[in-house]
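K.L.:
The following file, upload-v1.txt, comprises compact mmCIF, N, CA and C atoms:
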```txt
# COMPACT_ATOMS: atom_id res chain seq x y z
N PHE T 1209 -15.35 28.62 -71.46
CA PHE T 1209 -15.37 27.20 -71.26
C PHE T 1209 -16.39 26.62 -72.22
N ASN T 1210 -15.93 25.70 -73.03
CA ASN T 1210 -16.78 25.09 -74.03
C ASN T 1210 -16.84 23.60 -73.75
N PRO T 1211 -17.94 23.11 -73.25
CA PRO T 1211 -18.00 21.70 -72.87
C PRO T 1211 -18.08 20.77 -74.06
N SER T 1212 -18.53 21.19 -75.16
CA SER T 1212 -18.66 20.28 -76.31
C SER T 1212 -17.33 20.01 -76.99
N SER T 1213 -16.34 20.90 -76.91
CA SER T 1213 -15.09 20.70 -77.61
C SER T 1213 -14.08 19.87 -76.83
N SER T 1214 -14.21 19.74 -75.51
CA SER T 1214 -13.23 18.97 -74.74
C SER T 1214 -13.74 17.55 -74.51
N PRO T 1215 -12.82 16.58 -74.58
CA PRO T 1215 -13.23 15.20 -74.33
C PRO T 1215 -13.55 15.01 -72.84
N PRO T 1216 -14.33 14.00 -72.50
CA PRO T 1216 -14.65 13.78 -71.10
C PRO T 1216 -13.39 13.51 -70.28
N ALA T 1217 -13.33 14.05 -69.08
CA ALA T 1217 -12.15 13.92 -68.23
C ALA T 1217 -12.10 12.53 -67.61
N VAL T 1218 -10.96 11.88 -67.77
CA VAL T 1218 -10.73 10.55 -67.21
C VAL T 1218 -9.78 10.75 -66.02
N PRO T 1219 -10.15 10.25 -64.86
CA PRO T 1219 -9.25 10.44 -63.72
C PRO T 1219 -7.95 9.68 -63.92
N ALA T 1220 -6.84 10.33 -63.65
CA ALA T 1220 -5.53 9.70 -63.81
C ALA T 1220 -5.23 8.86 -62.57
N ILE T 1221 -4.57 7.75 -62.77
CA ILE T 1221 -4.19 6.87 -61.67
C ILE T 1221 -2.90 7.40 -61.08
N GLU T 1222 -2.95 7.67 -59.78
CA GLU T 1222 -1.77 8.19 -59.11
C GLU T 1222 -1.13 7.07 -58.29
N THR T 1223 0.14 6.94 -58.40
CA THR T 1223 0.87 5.96 -57.60
C THR T 1223 1.48 6.67 -56.41
N PRO T 1224 1.45 6.02 -55.24
CA PRO T 1224 2.01 6.69 -54.06
C PRO T 1224 3.53 6.82 -54.16
N VAL T 1225 4.02 7.96 -53.75
CA VAL T 1225 5.46 8.22 -53.79
C VAL T 1225 6.13 7.66 -52.54
N CYS T 1226 5.47 7.83 -51.41
CA CYS T 1226 6.01 7.31 -50.16
C CYS T 1226 4.85 7.01 -49.21
N THR T 1227 5.14 6.23 -48.16
CA THR T 1227 4.13 5.96 -47.14
C THR T 1227 4.59 6.58 -45.83
N VAL T 1228 3.66 7.07 -45.08
CA VAL T 1228 3.95 7.72 -43.81
C VAL T 1228 3.21 6.98 -42.70
N THR T 1229 3.93 6.59 -41.66
CA THR T 1229 3.34 5.93 -40.51
C THR T 1229 3.37 6.92 -39.35
N LEU T 1230 2.23 7.17 -38.77
CA LEU T 1230 2.12 8.10 -37.66
C LEU T 1230 1.83 7.33 -36.38
N LYS T 1231 2.46 7.74 -35.32
CA LYS T 1231 2.22 7.15 -34.00
C LYS T 1231 1.69 8.25 -33.10
N VAL T 1232 0.51 8.05 -32.55
CA VAL T 1232 -0.13 9.06 -31.72
C VAL T 1232 -0.07 8.57 -30.27
N GLU T 1233 0.43 9.42 -29.40
CA GLU T 1233 0.48 9.10 -27.98
C GLU T 1233 -0.36 10.11 -27.22
N PHE T 1234 -1.02 9.61 -26.18
CA PHE T 1234 -1.87 10.47 -25.37
C PHE T 1234 -1.30 10.52 -23.97
N GLU T 1235 -1.03 11.70 -23.49
CA GLU T 1235 -0.59 11.89 -22.12
C GLU T 1235 -1.67 12.70 -21.41
N PRO T 1236 -2.30 12.10 -20.40
CA PRO T 1236 -3.38 12.83 -19.71
C PRO T 1236 -2.82 14.02 -18.94
N SER T 1237 -3.64 15.02 -18.82
CA SER T 1237 -3.23 16.21 -18.09
C SER T 1237 -3.21 15.92 -16.59
N LYS T 1238 -2.66 16.82 -15.84
CA LYS T 1238 -2.60 16.65 -14.38
C LYS T 1238 -4.01 16.54 -13.79
N LYS T 1239 -4.94 17.31 -14.33
CA LYS T 1239 -6.31 17.27 -13.83
C LYS T 1239 -6.93 15.90 -14.09
N ASP T 1240 -6.70 15.33 -15.29
CA ASP T 1240 -7.24 14.00 -15.60
C ASP T 1240 -6.63 12.95 -14.68
N GLN T 1241 -5.32 13.06 -14.43
CA GLN T 1241 -4.66 12.11 -13.54
C GLN T 1241 -5.22 12.23 -12.12
N LYS T 1242 -5.43 13.46 -11.69
CA LYS T 1242 -5.96 13.70 -10.35
C LYS T 1242 -7.37 13.13 -10.22
N ASP T 1243 -8.20 13.34 -11.24
CA ASP T 1243 -9.56 12.80 -11.22
C ASP T 1243 -9.55 11.28 -11.15
N GLU T 1244 -8.67 10.66 -11.93
CA GLU T 1244 -8.58 9.20 -11.92
C GLU T 1244 -8.13 8.68 -10.56
N LEU T 1245 -7.17 9.37 -9.94
CA LEU T 1245 -6.71 8.96 -8.61
C LEU T 1245 -7.82 9.11 -7.57
N TYR T 1246 -8.61 10.18 -7.67
CA TYR T 1246 -9.73 10.34 -6.75
C TYR T 1246 -10.76 9.23 -6.95
N ASP T 1247 -11.00 8.84 -8.20
CA ASP T 1247 -11.94 7.74 -8.45
C ASP T 1247 -11.43 6.44 -7.82
N MET T 1248 -10.13 6.17 -8.01
CA MET T 1248 -9.54 4.96 -7.43
C MET T 1248 -9.60 5.00 -5.90
N LEU T 1249 -9.36 6.18 -5.32
CA LEU T 1249 -9.44 6.32 -3.86
C LEU T 1249 -10.85 6.08 -3.36
N ASN T 1250 -11.84 6.59 -4.07
CA ASN T 1250 -13.23 6.37 -3.67
C ASN T 1250 -13.60 4.90 -3.72
N LYS T 1251 -13.17 4.20 -4.79
CA LYS T 1251 -13.46 2.77 -4.90
C LYS T 1251 -12.80 2.00 -3.76
N ALA T 1252 -11.54 2.35 -3.46
CA ALA T 1252 -10.83 1.65 -2.39
C ALA T 1252 -11.48 1.91 -1.03
N SER T 1253 -11.91 3.15 -0.80
CA SER T 1253 -12.54 3.44 0.49
C SER T 1253 -13.89 2.74 0.62
N LYS T 1254 -14.61 2.58 -0.49
CA LYS T 1254 -15.88 1.84 -0.43
C LYS T 1254 -15.62 0.37 -0.11
N LYS T 1255 -14.59 -0.22 -0.74
CA LYS T 1255 -14.24 -1.61 -0.44
C LYS T 1255 -13.85 -1.76 1.03
N LYS T 1256 -13.08 -0.79 1.52
CA LYS T 1256 -12.64 -0.84 2.91
C LYS T 1256 -13.84 -0.75 3.85
N ALA T 1257 -14.77 0.13 3.54
CA ALA T 1257 -15.96 0.29 4.39
C ALA T 1257 -16.79 -0.98 4.41
N THR T 1258 -16.97 -1.62 3.25
CA THR T 1258 -17.75 -2.87 3.24
C THR T 1258 -17.02 -3.97 3.99
N ALA T 1259 -15.69 -4.03 3.86
CA ALA T 1259 -14.93 -5.05 4.58
C ALA T 1259 -15.02 -4.85 6.08
N ILE T 1260 -14.93 -3.61 6.52
CA ILE T 1260 -15.04 -3.32 7.96
C ILE T 1260 -16.43 -3.66 8.46
N ASP T 1261 -17.44 -3.37 7.66
CA ASP T 1261 -18.81 -3.68 8.05
C ASP T 1261 -19.00 -5.18 8.19
N LYS T 1262 -18.48 -5.95 7.23
CA LYS T 1262 -18.57 -7.42 7.32
C LYS T 1262 -17.85 -7.92 8.56
N LEU T 1263 -16.67 -7.37 8.82
CA LEU T 1263 -15.89 -7.78 9.98
C LEU T 1263 -16.64 -7.46 11.27
N ARG T 1264 -17.25 -6.29 11.33
CA ARG T 1264 -17.99 -5.89 12.51
C ARG T 1264 -19.17 -6.83 12.75
N LYS T 1265 -19.89 -7.17 11.67
CA LYS T 1265 -21.03 -8.07 11.79
C LYS T 1265 -20.60 -9.47 12.26
N SER T 1266 -19.50 -9.96 11.67
CA SER T 1266 -19.05 -11.30 12.06
C SER T 1266 -18.53 -11.29 13.50
N ALA T 1267 -17.88 -10.22 13.92
CA ALA T 1267 -17.42 -10.13 15.31
C ALA T 1267 -18.59 -10.09 16.27
N ALA T 1268 -19.65 -9.39 15.89
CA ALA T 1268 -20.84 -9.35 16.73
C ALA T 1268 -21.47 -10.73 16.83
N ALA T 1269 -21.50 -11.46 15.71
CA ALA T 1269 -22.07 -12.81 15.73
C ALA T 1269 -21.23 -13.74 16.61
N VAL T 1270 -19.92 -13.64 16.53
CA VAL T 1270 -19.05 -14.48 17.34
C VAL T 1270 -19.20 -14.14 18.81
N SER T 1271 -19.29 -12.87 19.12
CA SER T 1271 -19.44 -12.50 20.53
C SER T 1271 -20.79 -12.97 21.07
N ARG T 1272 -21.83 -12.92 20.23
CA ARG T 1272 -23.13 -13.43 20.66
C ARG T 1272 -23.06 -14.93 20.93
N LEU T 1273 -22.37 -15.66 20.03
CA LEU T 1273 -22.23 -17.10 20.22
C LEU T 1273 -21.45 -17.41 21.49
N SER T 1274 -20.35 -16.70 21.71
CA SER T 1274 -19.56 -16.98 22.90
C SER T 1274 -20.33 -16.59 24.17
N LYS T 1275 -21.13 -15.53 24.09
CA LYS T 1275 -21.93 -15.12 25.24
C LYS T 1275 -23.00 -16.18 25.52
N ASP T 1276 -23.61 -16.72 24.44
CA ASP T 1276 -24.60 -17.77 24.61
C ASP T 1276 -23.97 -19.03 25.21
N GLU T 1277 -22.74 -19.36 24.79
CA GLU T 1277 -22.05 -20.54 25.32
C GLU T 1277 -21.77 -20.38 26.81
N THR T 1278 -21.32 -19.20 27.19
CA THR T 1278 -21.00 -19.00 28.61
C THR T 1278 -22.25 -19.04 29.47
N THR T 1279 -23.35 -18.50 28.98
CA THR T 1279 -24.58 -18.54 29.77
C THR T 1279 -25.15 -19.95 29.80
N SER T 1280 -25.00 -20.71 28.73
CA SER T 1280 -25.54 -22.07 28.72
C SER T 1280 -24.69 -22.99 29.58
N THR T 1281 -23.37 -22.79 29.63
CA THR T 1281 -22.54 -23.64 30.48
C THR T 1281 -22.74 -23.30 31.95
N SER T 1282 -23.05 -22.06 32.26
CA SER T 1282 -23.27 -21.70 33.66
C SER T 1282 -24.61 -22.23 34.16
N ARG T 1283 -25.57 -22.48 33.26
CA ARG T 1283 -26.87 -23.02 33.66
C ARG T 1283 -26.85 -24.54 33.76
N GLY T 1284 -25.75 -25.15 33.40
CA GLY T 1284 -25.69 -26.61 33.51
C GLY T 1284 -26.13 -27.29 32.23
N SER T 1285 -25.85 -26.73 31.12
CA SER T 1285 -26.23 -27.31 29.84
C SER T 1285 -25.36 -28.53 29.56
N SER T 1286 -25.61 -29.16 28.45
CA SER T 1286 -24.87 -30.37 28.11
C SER T 1286 -23.56 -30.05 27.39
N ALA T 1287 -22.98 -28.93 27.64
CA ALA T 1287 -21.70 -28.57 27.02
C ALA T 1287 -20.61 -29.39 27.68
N PRO T 1288 -19.57 -29.74 26.93
CA PRO T 1288 -18.50 -30.55 27.51
C PRO T 1288 -17.76 -29.78 28.60
N SER T 1289 -17.51 -30.47 29.70
CA SER T 1289 -16.85 -29.81 30.80
C SER T 1289 -15.34 -29.83 30.58
N GLY T 1290 -14.66 -28.87 31.19
CA GLY T 1290 -13.21 -28.82 31.07
C GLY T 1290 -12.73 -28.05 29.86
N THR T 1291 -13.62 -27.51 29.05
CA THR T 1291 -13.16 -26.73 27.88
C THR T 1291 -13.09 -25.27 28.30
N SER T 1292 -11.90 -24.75 28.30
CA SER T 1292 -11.73 -23.34 28.61
C SER T 1292 -11.19 -22.65 27.37
N ARG T 1293 -11.81 -21.56 27.07
CA ARG T 1293 -11.41 -20.85 25.86
C ARG T 1293 -10.41 -19.78 26.24
N SER T 1294 -9.29 -19.78 25.53
CA SER T 1294 -8.31 -18.73 25.75
C SER T 1294 -8.59 -17.61 24.76
N PRO T 1295 -8.22 -16.41 25.08
CA PRO T 1295 -8.49 -15.31 24.15
C PRO T 1295 -7.70 -15.50 22.85
N ALA T 1296 -8.30 -15.07 21.76
CA ALA T 1296 -7.65 -15.22 20.46
C ALA T 1296 -6.43 -14.33 20.35
N VAL T 1297 -6.47 -13.19 21.02
CA VAL T 1297 -5.36 -12.24 20.96
C VAL T 1297 -4.97 -11.89 22.38
N LYS T 1298 -3.68 -11.89 22.66
CA LYS T 1298 -3.22 -11.57 24.01
C LYS T 1298 -3.38 -10.08 24.26
N ALA T 1299 -3.63 -9.75 25.50
CA ALA T 1299 -3.80 -8.35 25.87
C ALA T 1299 -2.49 -7.59 25.67
N GLY T 1300 -2.58 -6.40 25.08
CA GLY T 1300 -1.42 -5.55 24.89
C GLY T 1300 -0.59 -5.88 23.67
N PHE T 1301 -1.14 -6.62 22.72
CA PHE T 1301 -0.34 -6.98 21.55
C PHE T 1301 -0.08 -5.79 20.64
N LEU T 1302 -0.87 -4.73 20.79
CA LEU T 1302 -0.64 -3.54 19.96
C LEU T 1302 0.36 -2.57 20.58
N ASN T 1303 0.69 -2.77 21.84
CA ASN T 1303 1.64 -1.88 22.48
C ASN T 1303 3.01 -2.08 21.86
N LYS T 1304 3.61 -0.99 21.44
CA LYS T 1304 4.90 -1.07 20.77
C LYS T 1304 6.00 -1.11 21.81
N LYS T 1305 6.97 -1.95 21.56
CA LYS T 1305 8.13 -2.03 22.42
C LYS T 1305 9.22 -1.16 21.81
N GLU T 1306 9.87 -0.40 22.66
CA GLU T 1306 10.92 0.48 22.16
C GLU T 1306 12.15 -0.35 21.85
N LYS T 1307 12.67 -0.17 20.66
CA LYS T 1307 13.89 -0.87 20.26
C LYS T 1307 15.04 0.12 20.34
N LYS T 1308 16.12 -0.34 20.93
CA LYS T 1308 17.28 0.51 21.04
C LYS T 1308 18.01 0.50 19.70
N ALA T 1309 18.24 1.67 19.17
CA ALA T 1309 18.88 1.77 17.86
C ALA T 1309 20.35 1.40 17.98
N GLU T 1310 20.82 0.59 17.04
CA GLU T 1310 22.22 0.20 17.00
C GLU T 1310 23.04 1.36 16.45
N PRO T 1311 24.22 1.63 17.04
CA PRO T 1311 25.04 2.70 16.49
C PRO T 1311 25.60 2.31 15.13
N GLY T 1312 25.85 3.30 14.31
CA GLY T 1312 26.36 3.06 12.97
C GLY T 1312 27.80 2.57 12.99
N ALA T 1313 28.29 2.19 11.82
CA ALA T 1313 29.64 1.64 11.71
C ALA T 1313 30.69 2.68 12.09
N LEU T 1314 30.51 3.92 11.68
CA LEU T 1314 31.49 4.96 12.01
C LEU T 1314 31.50 5.24 13.51
N ARG T 1315 30.33 5.22 14.11
CA ARG T 1315 30.23 5.46 15.55
C ARG T 1315 30.93 4.35 16.33
N ARG T 1316 30.72 3.11 15.92
CA ARG T 1316 31.38 1.98 16.59
C ARG T 1316 32.90 2.08 16.44
N LEU T 1317 33.39 2.46 15.25
CA LEU T 1317 34.82 2.60 15.00
C LEU T 1317 35.40 3.69 15.89
N TYR T 1318 34.70 4.82 16.01
CA TYR T 1318 35.15 5.92 16.86
C TYR T 1318 35.24 5.46 18.31
N GLU T 1319 34.21 4.76 18.79
CA GLU T 1319 34.20 4.33 20.19
C GLU T 1319 35.30 3.31 20.48
N ARG T 1320 35.64 2.47 19.52
CA ARG T 1320 36.68 1.47 19.74
C ARG T 1320 38.08 2.06 19.66
N THR T 1321 38.28 3.04 18.78
CA THR T 1321 39.65 3.52 18.55
C THR T 1321 40.00 4.74 19.38
N ILE T 1322 39.30 5.83 19.23
CA ILE T 1322 39.70 7.06 19.92
C ILE T 1322 38.62 7.63 20.82
N GLY T 1323 37.57 6.93 21.06
CA GLY T 1323 36.49 7.40 21.93
C GLY T 1323 36.92 7.46 23.38
N PRO T 1324 36.08 8.02 24.26
CA PRO T 1324 36.46 8.18 25.67
C PRO T 1324 36.67 6.85 26.39
N ASN T 1325 36.03 5.78 25.98
CA ASN T 1325 36.19 4.48 26.64
C ASN T 1325 36.99 3.51 25.78
N SER T 1326 37.78 4.02 24.85
CA SER T 1326 38.53 3.15 23.94
C SER T 1326 39.79 2.61 24.62
N LEU T 1327 40.36 1.61 24.02
CA LEU T 1327 41.58 0.99 24.54
C LEU T 1327 42.73 1.99 24.50
N LEU T 1328 42.80 2.80 23.47
CA LEU T 1328 43.87 3.79 23.34
C LEU T 1328 43.83 4.78 24.49
N ARG T 1329 42.65 5.27 24.86
CA ARG T 1329 42.53 6.24 25.95
C ARG T 1329 42.78 5.56 27.32
N MET T 1330 42.42 4.29 27.42
CA MET T 1330 42.65 3.58 28.68
C MET T 1330 44.16 3.37 28.92
N VAL T 1331 44.88 3.02 27.82
CA VAL T 1331 46.31 2.75 27.96
C VAL T 1331 47.10 4.05 28.06
N PHE T 1332 46.76 5.02 27.21
CA PHE T 1332 47.46 6.30 27.20
C PHE T 1332 46.48 7.43 27.50
N PRO T 1333 46.23 7.71 28.78
CA PRO T 1333 45.27 8.77 29.10
C PRO T 1333 45.81 10.13 28.67
N VAL T 1334 44.89 10.97 28.27
CA VAL T 1334 45.30 12.30 27.79
C VAL T 1334 45.09 13.32 28.86
```
Output the file's structure in the form of structure tokens.
P.N.:
Amino acid sequence: FNPSSSPPAVPAIETPVCTVTLKVEFEPSKKDQKDELYDMLNKASKKKATAIDKLRKSAAAVSRLSKDETTSTSRGSSAPSGTSRSPAVKAGFLNKKEKKAEPGALRRLYERTIGPNSLLRMVFPV
């Protein structure tokens, strides 16, 4: 290699032959999805706990107020007479009532046409 005999190298300008567009997609693994769901569950349970705590505190405050009202009206306070408070929720509202399931269309057709109490069996007993 003789550096004095060769002319200085000039970089050649290269023109692009083609362009390539790449699209990268990320799909989280099952473990990542599970971790994210656990995080969301923890956040939701914290919100639920704070909401229940607020509700409990407000219910305690309301019960204290209603207890104070009843004791003050029984002592002859200046509360208006004739005001009776009805309960906000009727007793037994959470008790479920059994609903009788309606028979399906095929069952109704069977009972009307060839069932034991159908018109056909009544007119022509077997």
K.L.:
Suppose you want the space between atom N of Asp1243 of chain T and atom CA of Lys1256 of chain T; what is it in Å?
P.N.:
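That distance, rounded to one decimal, is 20.5 Å.
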K.L.:
Looking only at alpha helix (DSSP H) from DSSP on the backbone, list the matching residues of segment 1209-1332 of chain T as a PyMOL selection string.
P.N.:
chain T and resi 1238-1282+1313-1321+1327-1331
K.L.:
To one decimal place, how far is atom N of Leu1328 of chain T from atom CA of Ala1309 of chain T in Å?
P.N.:
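Going from atom N of Leu1328 of chain T over to atom CA of Ala1309 of chain T, I get 24.6 Å.
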K.L.:
One decimal, Å: what's the distance from atom CA of Ala1313 of chain T over to atom CA of Met1330 of chain T, could you say?
P.N.:
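One can read the atom CA of Ala1313 of chain T to atom CA of Met1330 of chain T distance as 21.5 Å.
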K.L.:
Rank T:Leu1230, T:Leu1327, T:Asn1250, T:Pro1295 by their smallest atom-to-atom distance to Ser1271 of chain T, using only C-alpha atoms, and report the top residue only.
P.N.:
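Comparing T:Leu1230, T:Leu1327, T:Asn1250, T:Pro1295 against Ser1271 of chain T, the winner is T:Pro1295.
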